[in-house]
Amino acid sequence: MPLLCWRHHTLIQALLSRGPLKEQEFQFIFSGVSGKTAGTQRQLFDYLLKINKELSLVQLELRACRNQYDGSVYYGVANNVADEQSKLGTKFSAPQIAFYKSIIEAIAQDATAKGSISNIDALNLRLENQVPTGAGSQPQDAPSQIPAAFKNFSMSQKEKTLEELVRDQWLCSTPDGNIGLGLRSFLDLRSWFHQNDIPVCEVCNEAGVKAELCQNEGCKVRMHQYCLKRKFSLKKLQVGRICPGCGTPWQLPVSKIEAVEEDDDGNGLPQSHPPPPGSSRRKKLRTSQDVDSGTLGSASSQPLLMPTSDTRKTTRSSARLR
């Protein structure tokens, strides 16, 4: 079993203490401690593979993720297990965790793939929907099943929790003032997205939380905006901007057309972190029925799992009626 030296320790400590690092900053640290050029994908892959072999002993993984709002690549350390023991490391209370999970569920299950919800919608989410349903035989909405801490979680407490989640990068504030997923959520929830049939991007096969949809309502194809740039780059214009699933012309706003006509700048995740294997087949959204409550970390990343309740989903048709 390979042993890690101080160089590996320094790289891991930088990620744990400073949170997810932007690709350029991570590569700068990598080059400084290893003396190798991070631009050489094979060298980076071998280095991270050695680190992850050791981190796997404690259910951790150093991985790359992409911020779906601006396309930037980040590196961080994620926890690969969620159990009762891991919950002891969180600084958030049970109502705060339930509130976070309600927000993540609302964003991930939005069929319009906006990737965000408004502050008002977030504050109005019901924590009662996060009460586990498998523990007893009573109906889910039975008053005796709802913890008092959930019912008494005030609006001011929700506002304070939102601020903390944004500050700790579990959530983010989008340019239009809405609430979106934070870097830590993209880092930790990647496997959950795939396991729970969150529709994936046609190009990169990663969850399309913030994505562009095919204009044909009967088609399930979606693509990240940065993946559209690769798909419809200048060198591919002779094929035409059409949906790869149904052949419908892909209409883009002027600003996005200008963006995709730039040269392809390699927007894929680094080869050292290929996207998880999975079918590109479009599937229905569903809520996980066997997920335990996740935890929010303070210093190090903790696994963030999704709630088990049934919430109202926004469809593409209903979104247009709003």
# chains A, B, ... in the order shown; residues from 1 in each chain; ligands from 1

call {"tool": "residues_around", "arguments": {"residues": "range 154-168 of chain A", "least_positions_apart": "3", "cutoff": "7 Å", "atoms": "only C-alpha atoms", "output": "list in words"}}
result
Gln96, Leu123, Leu171, Cys172 and Ser173 of chain A

call {"tool": "residues_around", "arguments": {"residues": "Lys151 in chain A", "least_positions_apart": "6", "cutoff": "12 Å", "atoms": "only C-alpha atoms", "output": "PyMOL selection string"}}
result
chain A and resi 94-95+98-99+125-131+143-145+157

call {"tool": "residues_around", "arguments": {"residues": "Glu54 in chain A", "least_positions_apart": "2", "cutoff": "8 Å", "atoms": "only C-alpha atoms", "output": "ChimeraX atom specification"}}
result
/A:2-4,50-52,56-58

call {"tool": "write_last_selection", "arguments": {"atoms": "all heavy atoms", "output": "PDB file, in the first residue's frame"}}
result
ATOM      1  N   PRO A   2       0.695   2.146  -0.950  1.00  0.00           N
ATOM      2  CA  PRO A   2       1.545   3.331  -1.040  1.00  0.00           C
ATOM      3  C   PRO A   2       1.315   4.266   0.136  1.00  0.00           C
ATOM      4  O   PRO A   2       0.202   4.398   0.647  1.00  0.00           O
ATOM      5  CB  PRO A   2       1.102   3.973  -2.363  1.00  0.00           C
ATOM      6  CG  PRO A   2      -0.289   3.495  -2.568  1.00  0.00           C
ATOM      7  CD  PRO A   2      -0.317   2.098  -2.014  1.00  0.00           C
ATOM      8  N   LEU A   3       2.379   4.902   0.594  1.00  0.00           N
ATOM      9  CA  LEU A   3       2.297   5.843   1.691  1.00  0.00           C
ATOM     10  C   LEU A   3       2.357   7.264   1.155  1.00  0.00           C
ATOM     11  O   LEU A   3       3.013   7.540   0.156  1.00  0.00           O
ATOM     12  CB  LEU A   3       3.439   5.603   2.674  1.00  0.00           C
ATOM     13  CG  LEU A   3       3.453   4.226   3.363  1.00  0.00           C
ATOM     14  CD1 LEU A   3       4.679   4.100   4.260  1.00  0.00           C
ATOM     15  CD2 LEU A   3       2.177   4.002   4.152  1.00  0.00           C
ATOM     16  N   LEU A   4       1.661   8.153   1.832  1.00  0.00           N
ATOM     17  CA  LEU A   4       1.646   9.546   1.421  1.00  0.00           C
ATOM     18  C   LEU A   4       2.773  10.298   2.112  1.00  0.00           C
ATOM     19  O   LEU A   4       3.090  10.051   3.275  1.00  0.00           O
ATOM     20  CB  LEU A   4       0.306  10.187   1.771  1.00  0.00           C
ATOM     21  CG  LEU A   4      -0.948   9.539   1.174  1.00  0.00           C
ATOM     22  CD1 LEU A   4      -2.185  10.342   1.555  1.00  0.00           C
ATOM     23  CD2 LEU A   4      -0.843   9.412  -0.341  1.00  0.00           C
ATOM     24  N   LYS A  50      -3.058   8.141  -6.144  1.00  0.00           N
ATOM     25  CA  LYS A  50      -2.321   7.699  -4.954  1.00  0.00           C
ATOM     26  C   LYS A  50      -2.963   8.266  -3.693  1.00  0.00           C
ATOM     27  O   LYS A  50      -3.103   7.568  -2.672  1.00  0.00           O
ATOM     28  CB  LYS A  50      -0.857   8.136  -5.062  1.00  0.00           C
ATOM     29  CG  LYS A  50       0.027   7.607  -3.949  1.00  0.00           C
ATOM     30  CD  LYS A  50       1.485   7.971  -4.204  1.00  0.00           C
ATOM     31  CE  LYS A  50       2.390   7.397  -3.115  1.00  0.00           C
ATOM     32  NZ  LYS A  50       3.818   7.728  -3.359  1.00  0.00           N
ATOM     33  N   ILE A  51      -3.357   9.530  -3.760  1.00  0.00           N
ATOM     34  CA  ILE A  51      -4.012  10.152  -2.606  1.00  0.00           C
ATOM     35  C   ILE A  51      -5.341   9.465  -2.302  1.00  0.00           C
ATOM     36  O   ILE A  51      -5.651   9.142  -1.148  1.00  0.00           O
ATOM     37  CB  ILE A  51      -4.234  11.658  -2.860  1.00  0.00           C
ATOM     38  CG1 ILE A  51      -2.898  12.402  -2.849  1.00  0.00           C
ATOM     39  CG2 ILE A  51      -5.182  12.254  -1.822  1.00  0.00           C
ATOM     40  CD1 ILE A  51      -3.019  13.886  -3.147  1.00  0.00           C
ATOM     41  N   ASN A  52      -6.127   9.200  -3.334  1.00  0.00           N
ATOM     42  CA  ASN A  52      -7.449   8.633  -3.116  1.00  0.00           C
ATOM     43  C   ASN A  52      -7.401   7.193  -2.627  1.00  0.00           C
ATOM     44  O   ASN A  52      -8.332   6.730  -1.957  1.00  0.00           O
ATOM     45  CB  ASN A  52      -8.286   8.727  -4.396  1.00  0.00           C
ATOM     46  CG  ASN A  52      -8.852  10.117  -4.606  1.00  0.00           C
ATOM     47  OD1 ASN A  52      -9.107  10.838  -3.644  1.00  0.00           O
ATOM     48  ND2 ASN A  52      -9.049  10.509  -5.853  1.00  0.00           N
ATOM     49  N   SER A  56      -9.509   6.576   0.746  1.00  0.00           N
ATOM     50  CA  SER A  56     -10.620   5.624   0.714  1.00  0.00           C
ATOM     51  C   SER A  56     -10.733   4.838   2.014  1.00  0.00           C
ATOM     52  O   SER A  56     -11.809   4.337   2.357  1.00  0.00           O
ATOM     53  CB  SER A  56     -10.455   4.653  -0.461  1.00  0.00           C
ATOM     54  OG  SER A  56      -9.299   3.845  -0.298  1.00  0.00           O
ATOM     55  N   LEU A  57      -9.636   4.747   2.761  1.00  0.00           N
ATOM     56  CA  LEU A  57      -9.662   4.030   4.035  1.00  0.00           C
ATOM     57  C   LEU A  57     -10.554   4.732   5.047  1.00  0.00           C
ATOM     58  O   LEU A  57     -11.072   4.091   5.968  1.00  0.00           O
ATOM     59  CB  LEU A  57      -8.242   3.895   4.592  1.00  0.00           C
ATOM     60  CG  LEU A  57      -7.251   3.097   3.729  1.00  0.00           C
ATOM     61  CD1 LEU A  57      -5.863   3.117   4.358  1.00  0.00           C
ATOM     62  CD2 LEU A  57      -7.734   1.662   3.548  1.00  0.00           C
ATOM     63  N   VAL A  58     -10.722   6.033   4.895  1.00  0.00           N
ATOM     64  CA  VAL A  58     -11.592   6.796   5.792  1.00  0.00           C
ATOM     65  C   VAL A  58     -12.796   7.345   5.033  1.00  0.00           C
ATOM     66  O   VAL A  58     -13.418   8.329   5.453  1.00  0.00           O
ATOM     67  CB  VAL A  58     -10.810   7.940   6.467  1.00  0.00           C
ATOM     68  CG1 VAL A  58      -9.847   7.397   7.490  1.00  0.00           C
ATOM     69  CG2 VAL A  58     -10.079   8.799   5.443  1.00  0.00           C
TER      70      VAL A  58
END

call {"tool": "closest_residue", "arguments": {"among": "A:Lys114, A:Lys231, A:His8, A:Lys101", "to": "Ala211 in chain A", "atoms": "only C-alpha atoms"}}
result
A:Lys114

call {"tool": "atom_distance", "arguments": {"atom1": "CA of Trp192 in chain A", "atom2": "CA of Ala207 in chain A"}}
result
9.5 Å

call {"tool": "select_by_dssp", "arguments": {"residues": "range 176-230 of chain A", "states": "helix (DSSP H, G or I)", "output": "ChimeraX atom specification"}}
result
/A:183-188,190-195,225-230

call {"tool": "write_last_selection", "arguments": {"atoms": "N, CA, C and O atoms", "output": "compact mmCIF listing (two decimals), in the first residue's frame"}}
result
# COMPACT_ATOMS: atom_id res chain seq x y z
N LEU A 183 -20.93 25.02 -4.12
CA LEU A 183 -19.87 24.13 -4.60
C LEU A 183 -19.82 22.82 -3.82
O LEU A 183 -19.61 21.75 -4.39
N ARG A 184 -20.02 22.90 -2.52
CA ARG A 184 -19.98 21.68 -1.72
C ARG A 184 -21.11 20.72 -2.08
O ARG A 184 -20.95 19.50 -2.01
N SER A 185 -22.24 21.27 -2.46
CA SER A 185 -23.35 20.41 -2.88
C SER A 185 -23.02 19.71 -4.19
O SER A 185 -23.28 18.52 -4.35
N PHE A 186 -22.47 20.44 -5.16
CA PHE A 186 -22.07 19.81 -6.42
C PHE A 186 -21.00 18.76 -6.17
O PHE A 186 -20.96 17.73 -6.84
N LEU A 187 -20.14 19.01 -5.20
CA LEU A 187 -19.05 18.09 -4.89
C LEU A 187 -19.58 16.80 -4.25
O LEU A 187 -19.18 15.70 -4.63
N ASP A 188 -20.50 16.93 -3.30
CA ASP A 188 -20.95 15.78 -2.52
C ASP A 188 -22.14 15.04 -3.12
O ASP A 188 -22.30 13.84 -2.88
N ARG A 190 -22.97 14.44 -6.30
CA ARG A 190 -22.83 13.93 -7.66
C ARG A 190 -23.36 12.50 -7.79
O ARG A 190 -24.14 12.20 -8.70
N SER A 191 -22.96 11.63 -6.88
CA SER A 191 -23.41 10.25 -6.97
C SER A 191 -24.91 10.14 -6.70
O SER A 191 -25.60 9.32 -7.31
N TRP A 192 -25.42 10.98 -5.81
CA TRP A 192 -26.86 10.96 -5.54
C TRP A 192 -27.66 11.35 -6.77
O TRP A 192 -28.71 10.76 -7.07
N PHE A 193 -27.19 12.35 -7.50
CA PHE A 193 -27.88 12.75 -8.72
C PHE A 193 -28.04 11.57 -9.67
O PHE A 193 -29.12 11.36 -10.24
N HIS A 194 -26.98 10.80 -9.84
CA HIS A 194 -27.03 9.67 -10.77
C HIS A 194 -27.89 8.54 -10.23
O HIS A 194 -28.64 7.91 -10.97
N GLN A 195 -27.80 8.28 -8.95
CA GLN A 195 -28.54 7.18 -8.36
C GLN A 195 -30.04 7.44 -8.32
O GLN A 195 -30.83 6.50 -8.33
N GLN A 225 -25.05 25.08 -20.21
CA GLN A 225 -24.71 26.14 -21.14
C GLN A 225 -23.27 26.01 -21.64
O GLN A 225 -22.99 26.24 -22.82
N TYR A 226 -22.34 25.63 -20.75
CA TYR A 226 -20.96 25.46 -21.18
C TYR A 226 -20.80 24.24 -22.07
O TYR A 226 -19.88 24.17 -22.88
N CYS A 227 -21.68 23.26 -21.93
CA CYS A 227 -21.65 22.10 -22.83
C CYS A 227 -22.24 22.46 -24.19
O CYS A 227 -21.83 21.89 -25.22
N LEU A 228 -23.20 23.38 -24.21
CA LEU A 228 -23.74 23.87 -25.48
C LEU A 228 -22.63 24.51 -26.30
O LEU A 228 -22.58 24.36 -27.53
N LYS A 229 -21.73 25.21 -25.63
CA LYS A 229 -20.62 25.86 -26.32
C LYS A 229 -19.76 24.83 -27.02
O LYS A 229 -19.30 25.05 -28.15
N ARG A 230 -19.54 23.69 -26.37
CA ARG A 230 -18.74 22.63 -26.99
C ARG A 230 -19.53 21.93 -28.09
O ARG A 230 -19.00 21.60 -29.14

call {"tool": "closest_residue", "arguments": {"among": "A:Asn196, A:Phe92, A:Ala64, A:Leu55", "to": "Asn80 in chain A", "atoms": "only C-alpha atoms"}}
result
A:Leu55

call {"tool": "atom_distance", "arguments": {"atom1": "CA of Ile103 in chain A", "atom2": "CA of Ala122 in chain A"}}
result
6.1 Å

call {"tool": "atom_distance", "arguments": {"atom1": "CA of Ala108 in chain A", "atom2": "CA of Pro199 in chain A"}}
result
9.2 Å

call {"tool": "residues_around", "arguments": {"residues": "Gly76 in chain A", "least_positions_apart": "4", "cutoff": "12 Å", "atoms": "only C-alpha atoms", "output": "CSV table (one decimal) with C-alpha atoms, in the first residue's frame"}}
result
chain,number,residue,atom,x,y,z
A,11,LEU,CA,-2.4,19.3,-0.8
A,12,ILE,CA,-5.1,17.5,1.2
A,13,GLN,CA,-4.8,20.0,4.1
A,14,ALA,CA,-5.2,23.0,1.7
A,15,LEU,CA,-8.5,21.5,0.4
A,16,LEU,CA,-9.8,20.7,3.9
A,17,SER,CA,-9.0,24.0,5.4
A,18,ARG,CA,-9.8,26.3,2.5
A,19,GLY,CA,-12.7,24.4,1.0
A,20,PRO,CA,-13.2,23.7,-2.7
A,21,LEU,CA,-10.4,25.4,-4.7
A,22,LYS,CA,-10.7,26.7,-8.2
A,23,GLU,CA,-8.8,24.7,-10.8
A,25,GLU,CA,-5.5,27.7,-7.6
A,26,PHE,CA,-5.4,23.9,-7.1
A,48,LEU,CA,-4.5,12.0,-7.2
A,52,ASN,CA,-7.4,8.6,-3.1
A,60,LEU,CA,-13.0,10.3,1.7
A,61,GLU,CA,-12.2,11.2,-1.9
A,62,LEU,CA,-10.4,14.1,-3.6
A,63,ARG,CA,-12.4,14.9,-6.7
A,64,ALA,CA,-13.3,17.6,-9.2
A,65,CYS,CA,-16.7,19.2,-9.7
A,66,ARG,CA,-18.0,21.9,-11.9
A,169,GLN,CA,-20.8,27.0,0.2
A,183,LEU,CA,-19.9,24.1,-4.6
A,184,ARG,CA,-20.0,21.7,-1.7
A,185,SER,CA,-23.3,20.4,-2.9
A,186,PHE,CA,-22.1,19.8,-6.4
A,187,LEU,CA,-19.1,18.1,-4.9
A,188,ASP,CA,-21.0,15.8,-2.5
A,273,HIS,CA,-11.7,12.8,-12.9
A,300,SER,CA,-14.4,19.3,6.3
A,301,SER,CA,-17.0,18.2,3.7
A,302,GLN,CA,-19.8,16.0,4.9

call {"tool": "select_by_dssp", "arguments": {"residues": "range 99-191 of chain A", "states": "strand (DSSP E or B)", "output": "ChimeraX atom specification"}}
result
/A:116-117,171-173,179-181

call {"tool": "write_last_selection", "arguments": {"atoms": "all heavy atoms", "output": "PDB file, in the first residue's frame"}}
result
ATOM      1  N   SER A 116     -32.322  26.992  -9.520  1.00  0.00           N
ATOM      2  CA  SER A 116     -32.445  27.887  -8.371  1.00  0.00           C
ATOM      3  C   SER A 116     -33.915  28.065  -8.014  1.00  0.00           C
ATOM      4  O   SER A 116     -34.810  27.741  -8.795  1.00  0.00           O
ATOM      5  CB  SER A 116     -31.820  29.256  -8.674  1.00  0.00           C
ATOM      6  OG  SER A 116     -32.521  29.895  -9.728  1.00  0.00           O
ATOM      7  N   ILE A 117     -34.138  28.568  -6.829  1.00  0.00           N
ATOM      8  CA  ILE A 117     -35.476  28.982  -6.403  1.00  0.00           C
ATOM      9  C   ILE A 117     -35.352  30.355  -5.758  1.00  0.00           C
ATOM     10  O   ILE A 117     -34.269  30.754  -5.316  1.00  0.00           O
ATOM     11  CB  ILE A 117     -36.115  27.985  -5.410  1.00  0.00           C
ATOM     12  CG1 ILE A 117     -35.244  27.838  -4.156  1.00  0.00           C
ATOM     13  CG2 ILE A 117     -36.345  26.636  -6.058  1.00  0.00           C
ATOM     14  CD1 ILE A 117     -35.885  26.976  -3.072  1.00  0.00           C
ATOM     15  N   LEU A 171     -24.922  26.260  -0.302  1.00  0.00           N
ATOM     16  CA  LEU A 171     -25.814  26.936  -1.235  1.00  0.00           C
ATOM     17  C   LEU A 171     -25.078  28.164  -1.771  1.00  0.00           C
ATOM     18  O   LEU A 171     -23.990  28.503  -1.309  1.00  0.00           O
ATOM     19  CB  LEU A 171     -27.115  27.369  -0.545  1.00  0.00           C
ATOM     20  CG  LEU A 171     -28.003  26.262   0.032  1.00  0.00           C
ATOM     21  CD1 LEU A 171     -29.198  26.871   0.775  1.00  0.00           C
ATOM     22  CD2 LEU A 171     -28.473  25.307  -1.055  1.00  0.00           C
ATOM     23  N   CYS A 172     -25.681  28.802  -2.765  1.00  0.00           N
ATOM     24  CA  CYS A 172     -25.083  30.028  -3.310  1.00  0.00           C
ATOM     25  C   CYS A 172     -26.182  31.005  -3.651  1.00  0.00           C
ATOM     26  O   CYS A 172     -27.358  30.640  -3.782  1.00  0.00           O
ATOM     27  CB  CYS A 172     -24.229  29.713  -4.545  1.00  0.00           C
ATOM     28  SG  CYS A 172     -25.193  29.326  -6.034  1.00  0.00           S
ATOM     29  N   SER A 173     -25.798  32.240  -3.784  1.00  0.00           N
ATOM     30  CA  SER A 173     -26.708  33.284  -4.251  1.00  0.00           C
ATOM     31  C   SER A 173     -26.411  33.539  -5.723  1.00  0.00           C
ATOM     32  O   SER A 173     -25.293  33.902  -6.082  1.00  0.00           O
ATOM     33  CB  SER A 173     -26.507  34.564  -3.432  1.00  0.00           C
ATOM     34  OG  SER A 173     -27.372  35.585  -3.872  1.00  0.00           O
ATOM     35  N   ILE A 179     -31.645  31.478  -4.888  1.00  0.00           N
ATOM     36  CA  ILE A 179     -30.836  30.531  -4.138  1.00  0.00           C
ATOM     37  C   ILE A 179     -30.531  29.332  -5.029  1.00  0.00           C
ATOM     38  O   ILE A 179     -31.441  28.717  -5.599  1.00  0.00           O
ATOM     39  CB  ILE A 179     -31.567  30.053  -2.865  1.00  0.00           C
ATOM     40  CG1 ILE A 179     -31.857  31.248  -1.947  1.00  0.00           C
ATOM     41  CG2 ILE A 179     -30.735  29.009  -2.133  1.00  0.00           C
ATOM     42  CD1 ILE A 179     -30.626  31.950  -1.449  1.00  0.00           C
ATOM     43  N   GLY A 180     -29.247  28.988  -5.156  1.00  0.00           N
ATOM     44  CA  GLY A 180     -28.843  27.852  -5.972  1.00  0.00           C
ATOM     45  C   GLY A 180     -27.952  26.913  -5.185  1.00  0.00           C
ATOM     46  O   GLY A 180     -27.663  27.136  -4.003  1.00  0.00           O
ATOM     47  N   LEU A 181     -27.502  25.850  -5.827  1.00  0.00           N
ATOM     48  CA  LEU A 181     -26.607  24.891  -5.182  1.00  0.00           C
ATOM     49  C   LEU A 181     -25.214  25.486  -5.039  1.00  0.00           C
ATOM     50  O   LEU A 181     -24.716  26.166  -5.941  1.00  0.00           O
ATOM     51  CB  LEU A 181     -26.519  23.601  -6.001  1.00  0.00           C
ATOM     52  CG  LEU A 181     -27.517  22.487  -5.674  1.00  0.00           C
ATOM     53  CD1 LEU A 181     -28.939  22.957  -5.927  1.00  0.00           C
ATOM     54  CD2 LEU A 181     -27.221  21.236  -6.469  1.00  0.00           C
TER      55      LEU A 181
END

call {"tool": "residues_around", "arguments": {"residues": "Gly240 in chain A", "least_positions_apart": "5", "cutoff": "12 Å", "atoms": "only C-alpha atoms", "output": "VMD selection string"}}
result
chain A and resid 231 to 235 247 to 251

call {"tool": "closest_residue", "arguments": {"among": "A:Val221, A:Cys246, A:Ser93, A:Gln24", "to": "Ser72 in chain A", "atoms": "only C-alpha atoms"}}
result
A:Gln24

call {"tool": "closest_residue", "arguments": {"among": "A:Val73, A:Arg241, A:Asp121, A:Gly32", "to": "Ile107 in chain A", "atoms": "only C-alpha atoms"}}
result
A:Asp121
